[in-house]
>>> print(open('work.cif').read())   # mmCIF, C-alpha atoms
data_my_file
#
loop_
_atom_site.label_atom_id
_atom_site.label_comp_id
_atom_site.auth_asym_id
_atom_site.auth_seq_id
_atom_site.Cartn_x
_atom_site.Cartn_y
_atom_site.Cartn_z
CA MET A 267 -56.47 40.29 -32.79
CA ILE A 268 -56.10 38.72 -29.35
CA ASN A 269 -54.38 35.76 -30.93
CA ARG A 270 -51.94 38.03 -32.75
CA LYS A 271 -51.16 40.03 -29.58
CA LYS A 272 -50.52 36.79 -27.73
CA THR A 273 -48.12 35.63 -30.45
CA ILE A 274 -46.22 38.93 -30.36
CA VAL A 275 -45.89 38.74 -26.57
CA ILE A 276 -44.62 35.14 -26.76
CA LEU A 277 -42.17 36.12 -29.52
CA PHE A 278 -40.96 39.11 -27.48
CA VAL A 279 -40.48 36.96 -24.35
CA ALA A 280 -38.65 34.27 -26.37
CA VAL A 281 -36.27 36.84 -27.93
CA LEU A 282 -35.69 38.49 -24.55
CA LEU A 283 -35.03 35.09 -22.94
CA GLY A 284 -32.59 34.21 -25.75
CA ILE A 285 -30.72 37.47 -25.23
CA VAL A 286 -30.52 36.94 -21.44
CA LEU A 287 -29.35 33.32 -21.79
CA GLY A 288 -26.81 34.33 -24.44
CA GLY A 289 -25.47 37.01 -22.09
CA ILE A 290 -25.17 34.53 -19.21
CA TYR A 291 -23.38 32.04 -21.50
CA TRP A 292 -20.96 34.75 -22.65
CA LEU A 293 -20.30 35.85 -19.04
CA VAL A 294 -19.60 32.27 -17.87
CA PHE A 295 -17.37 31.69 -20.90
CA ARG A 296 -15.32 34.80 -20.08
CA VAL A 297 -14.93 33.78 -16.40
CA VAL A 298 -13.76 30.28 -17.37
CA GLU A 299 -11.37 31.74 -19.93
CA GLN A 300 -9.94 34.12 -17.32
CA LYS A 301 -9.49 31.35 -14.72
CA THR A 302 -7.79 29.12 -17.29
CA ALA A 303 -5.36 31.90 -18.16
CA GLU A 304 -4.65 32.51 -14.45
CA SER A 305 -3.99 28.81 -13.77
CA LEU A 306 -1.66 28.55 -16.79
CA GLN A 307 0.22 31.59 -15.52
CA ALA A 308 0.49 30.10 -12.02
CA GLU A 309 1.73 26.81 -13.47
CA SER A 310 4.32 28.68 -15.52
CA ASP A 311 5.44 30.64 -12.44
CA VAL A 312 5.82 27.47 -10.36
CA GLU A 313 7.72 25.73 -13.15
CA GLY A 314 10.00 28.76 -13.51
CA TYR A 315 10.62 28.86 -9.75
CA LEU A 316 11.44 25.16 -9.60
CA ASN A 317 13.96 25.61 -12.39
CA THR A 318 15.81 28.26 -10.39
CA GLU A 319 18.35 27.55 -7.68
CA GLY A 320 15.87 28.52 -4.96
CA GLY A 321 13.38 25.97 -6.20
CA MET A 322 16.04 23.27 -6.34
CA ALA A 323 17.08 24.13 -2.80
CA VAL A 324 13.50 23.69 -1.63
CA LEU A 325 13.26 20.33 -3.39
CA GLN A 326 16.58 19.15 -1.94
CA LYS A 327 15.46 20.21 1.52
CA LYS A 328 12.21 18.26 1.16
CA VAL A 329 14.13 15.19 -0.01
CA LYS A 330 16.39 15.39 3.05
CA GLU A 331 13.43 15.93 5.38
CA SER A 332 11.65 12.89 3.99
CA ARG A 333 14.66 10.55 4.33
CA ASN A 334 13.53 9.11 7.69
CA LEU A 335 10.02 8.59 6.38
CA ARG A 336 11.34 6.85 3.26
CA ASP A 337 13.65 4.67 5.35
CA GLU A 338 10.72 3.73 7.59
CA LEU A 339 8.63 2.91 4.54
CA ASN A 340 11.39 0.72 3.12
CA THR A 341 11.23 -1.51 6.22
CA HIS A 342 7.83 -2.73 5.01
CA PHE A 343 9.30 -4.26 1.85
CA VAL A 344 11.51 -7.29 1.30
CA LYS A 345 14.15 -6.50 -1.29
CA GLY A 346 15.72 -9.04 -3.60
CA ASP A 347 19.16 -8.64 -2.05
CA ASN A 348 17.72 -9.06 1.49
CA ILE A 349 15.96 -12.41 1.07
CA VAL A 350 18.61 -14.28 3.07
CA ALA A 351 18.39 -11.78 5.94
CA PHE A 352 14.59 -12.00 5.81
CA MET A 353 14.68 -15.80 6.01
CA GLU A 354 17.06 -15.56 8.96
CA GLU A 355 14.52 -13.24 10.59
CA ILE A 356 11.81 -15.89 10.05
CA GLU A 357 14.08 -18.57 11.55
CA SER A 358 14.73 -16.34 14.57
CA LEU A 359 10.97 -16.24 15.18
CA GLY A 360 11.19 -20.00 15.77
CA SER A 361 13.52 -19.53 18.71
CA LEU A 362 11.18 -16.87 20.13
CA ALA A 363 8.29 -19.33 19.90
CA ASN A 364 10.39 -22.29 21.18
CA VAL A 365 9.96 -24.26 17.96
CA SER A 366 12.47 -25.42 15.39
CA ILE A 367 11.97 -24.17 11.84
CA LYS A 368 13.14 -25.66 8.57
CA LEU A 369 12.60 -23.62 5.42
CA ASP A 370 11.41 -25.81 2.56
CA ASN A 371 10.79 -23.47 -0.35
CA VAL A 372 11.18 -19.78 -1.22
CA GLU A 373 9.76 -18.29 -4.43
CA ALA A 374 9.80 -14.67 -5.51
CA PHE A 375 7.28 -13.28 -7.97
CA SER A 376 8.55 -9.82 -8.85
CA GLU A 377 5.67 -9.04 -11.23
CA GLU A 378 3.13 -9.43 -8.40
CA TYR A 379 5.51 -8.10 -5.69
CA VAL A 380 5.03 -11.36 -3.78
CA LEU A 381 7.46 -13.57 -1.87
CA ASP A 382 6.13 -17.05 -1.05
CA PHE A 383 7.83 -19.37 1.38
CA ASP A 384 7.01 -22.75 2.89
CA PHE A 385 8.47 -24.12 6.08
CA THR A 386 7.94 -26.80 8.70
CA SER A 387 8.16 -26.39 12.43
CA LYS A 388 8.40 -28.75 15.36
CA GLY A 389 7.51 -27.93 18.92
CA SER A 390 4.58 -27.66 21.27
CA PHE A 391 1.11 -26.71 20.07
CA GLY A 392 1.36 -23.40 21.93
CA GLY A 393 4.76 -22.71 20.37
CA ASN A 394 3.38 -23.30 16.88
CA MET A 395 0.45 -21.01 17.58
CA LYS A 396 2.82 -18.35 18.90
CA LEU A 397 4.87 -18.71 15.72
CA ILE A 398 1.78 -17.96 13.62
CA SER A 399 1.06 -14.83 15.65
CA LEU A 400 4.71 -13.70 15.39
CA ILE A 401 4.63 -14.09 11.61
CA ASP A 402 1.38 -12.16 11.50
CA ALA A 403 2.98 -9.38 13.58
CA LEU A 404 5.85 -8.84 11.12
CA PRO A 405 5.96 -5.33 9.62
CA TYR A 406 5.01 -6.74 6.23
CA LYS A 407 1.69 -7.47 4.58
CA THR A 408 1.50 -11.20 5.30
CA ASN A 409 -1.02 -13.77 4.17
CA VAL A 410 -0.77 -17.14 5.86
CA GLN A 411 -1.95 -19.32 2.99
CA LYS A 412 -1.86 -22.75 4.62
CA VAL A 413 -1.40 -24.08 8.12
CA TYR A 414 -1.27 -27.79 8.80
CA LEU A 415 -0.63 -28.96 12.36
CA ARG A 416 -0.41 -32.56 13.41
CA ASN A 417 0.42 -34.25 16.64
CA VAL A 418 3.41 -36.49 16.13
CA GLY A 419 2.95 -37.95 19.60
CA VAL A 420 6.56 -37.77 20.71
CA PRO A 421 6.65 -35.96 24.05
CA ILE A 422 8.85 -32.92 24.47
CA SER A 423 10.60 -32.71 27.78
CA THR A 424 10.05 -29.40 29.51
CA SER A 425 11.60 -27.87 32.57
CA GLY A 426 8.68 -29.21 34.64
CA THR A 427 7.80 -32.81 35.25
CA ASP A 428 5.07 -32.99 32.61
CA ALA A 429 6.03 -33.76 29.04
CA LEU A 430 4.13 -32.00 26.24
CA PRO A 431 3.29 -33.77 22.99
CA GLU A 432 5.28 -32.59 20.00
CA TRP A 433 3.44 -31.00 17.10
CA GLU A 434 4.64 -30.62 13.56
CA GLY A 435 3.46 -27.65 11.56
CA ARG A 436 3.59 -27.01 7.85
CA PHE A 437 3.09 -23.44 6.76
CA SER A 438 2.76 -21.59 3.50
CA VAL A 439 3.12 -17.82 3.83
CA GLU A 440 2.89 -15.01 1.28
CA ILE A 441 4.59 -11.65 1.80
CA ILE A 442 3.18 -8.86 -0.32
CA GLY A 443 5.75 -6.15 -0.76
CA TYR A 444 8.64 -7.93 -2.46
CA LEU A 445 10.88 -5.69 -4.55
CA ASP A 446 13.29 -7.32 -6.97
CA ARG A 447 15.46 -4.19 -7.13
#
>>> encode(input="work.cif", output="structure tokens")
Amino acid sequence: MINRKKTIVILFVAVLLGIVLGGIYWLVFRVVEQKTAESLQAESDVEGYLNTEGGMAVLQKKVKESRNLRDELNTHFVKGDNIVAFMEEIESLGSLANVSIKLDNVEAFSEEYVLDFDFTSKGSFGGNMKLISLIDALPYKTNVQKVYLRNVGVPISTSGTDALPEWEGRFSVEIIGYLDR
């Protein structure tokens, strides 16, 4: 009899537990269903608002407000129609570093958004080092792939009495942020 009573109690507890868990599952299901309906309604309301003139006005205002930010962002990319101006900018860095620059090769890889260029420079060791730092300071993502400096031994006359040895540099630089459009 004790065994039978124990079985009935276990059966009663199991049925009661099943009913409670079923109720919790049903309650959670209803809450999720309600939240899904509310989010669909909110999405529909936002879509309807954006399709009205007021929504378009808000979007146009945001586009105008973001113009300066977009223009600033565009300065960090080299565009296909600006390669010549970009190369002139690189050559101008040579005059800032007191070295002469000769561009040897320019290759654009639009699939990888990469612009590779090789150039040689002639000037003092310090000028070549300054050139590297100026290239690194450009507002583009730059990777200096190769740097080869050699002393060509021909002195450069300076404003002082001492003559500095001339150095020749060969550089390979990669700009990430090339846009073909």
>>> resolve_selection(input="work.cif", expression="the PyMOL selection byres ((chain A and resi 405) around 12)", output="compact mmCIF listing (two decimals) with C-alpha atoms, keeping the file's coordinate frame")
# COMPACT_ATOMS: atom_id res chain seq x y z
CA GLU A 338 10.72 3.73 7.59
CA LEU A 339 8.63 2.91 4.54
CA ASN A 340 11.39 0.72 3.12
CA THR A 341 11.23 -1.51 6.22
CA HIS A 342 7.83 -2.73 5.01
CA PHE A 343 9.30 -4.26 1.85
CA VAL A 344 11.51 -7.29 1.30
CA PHE A 352 14.59 -12.00 5.81
CA GLU A 355 14.52 -13.24 10.59
CA LEU A 400 4.71 -13.70 15.39
CA ILE A 401 4.63 -14.09 11.61
CA ASP A 402 1.38 -12.16 11.50
CA ALA A 403 2.98 -9.38 13.58
CA LEU A 404 5.85 -8.84 11.12
CA TYR A 406 5.01 -6.74 6.23
CA LYS A 407 1.69 -7.47 4.58
CA THR A 408 1.50 -11.20 5.30
CA ILE A 441 4.59 -11.65 1.80
CA ILE A 442 3.18 -8.86 -0.32
CA GLY A 443 5.75 -6.15 -0.76
>>> atom_distance(input="work.cif", atom1="CA of Lys330 (chain A)", atom2="CA of Tyr315 (chain A)")
19.5 Å
>>> atom_distance(input="work.cif", atom1="CA of Lys388 (chain A)", atom2="CA of Asp370 (chain A)")
13.5 Å
>>> closest_residue(input="work.cif", among="A:Gly314, A:Gly346, A:Ala308, A:Val279", to="Tyr379 (chain A)", atoms="all atoms listed in the file")
A:Gly346
>>> residues_around(input="work.cif", residues="Glu354 (chain A)", least_positions_apart="5", cutoff="12 Å", atoms="only C-alpha atoms", output="VMD selection string")
chain A and resid 348 to 349 359 to 361 367 to 369
>>> closest_residue(input="work.cif", among="A:Asn371, A:Asn364, A:Gln326, A:Asn409", to="Gly392 (chain A)", atoms="only C-alpha atoms")
A:Asn364
>>> atom_distance(input="work.cif", atom1="CA of Asn394 (chain A)", atom2="CA of Gly435 (chain A)")
6.9 Å
>>> axis_aligned_box(input="work.cif", around="region 281-297 of chain A", padding_each_side="6 Å", output="AutoDock Vina command-line options")
--center_x -25.6 --center_y 35.1 --center_z -22.2 --size_x 33.3 --size_y 18.8 --size_z 23.5
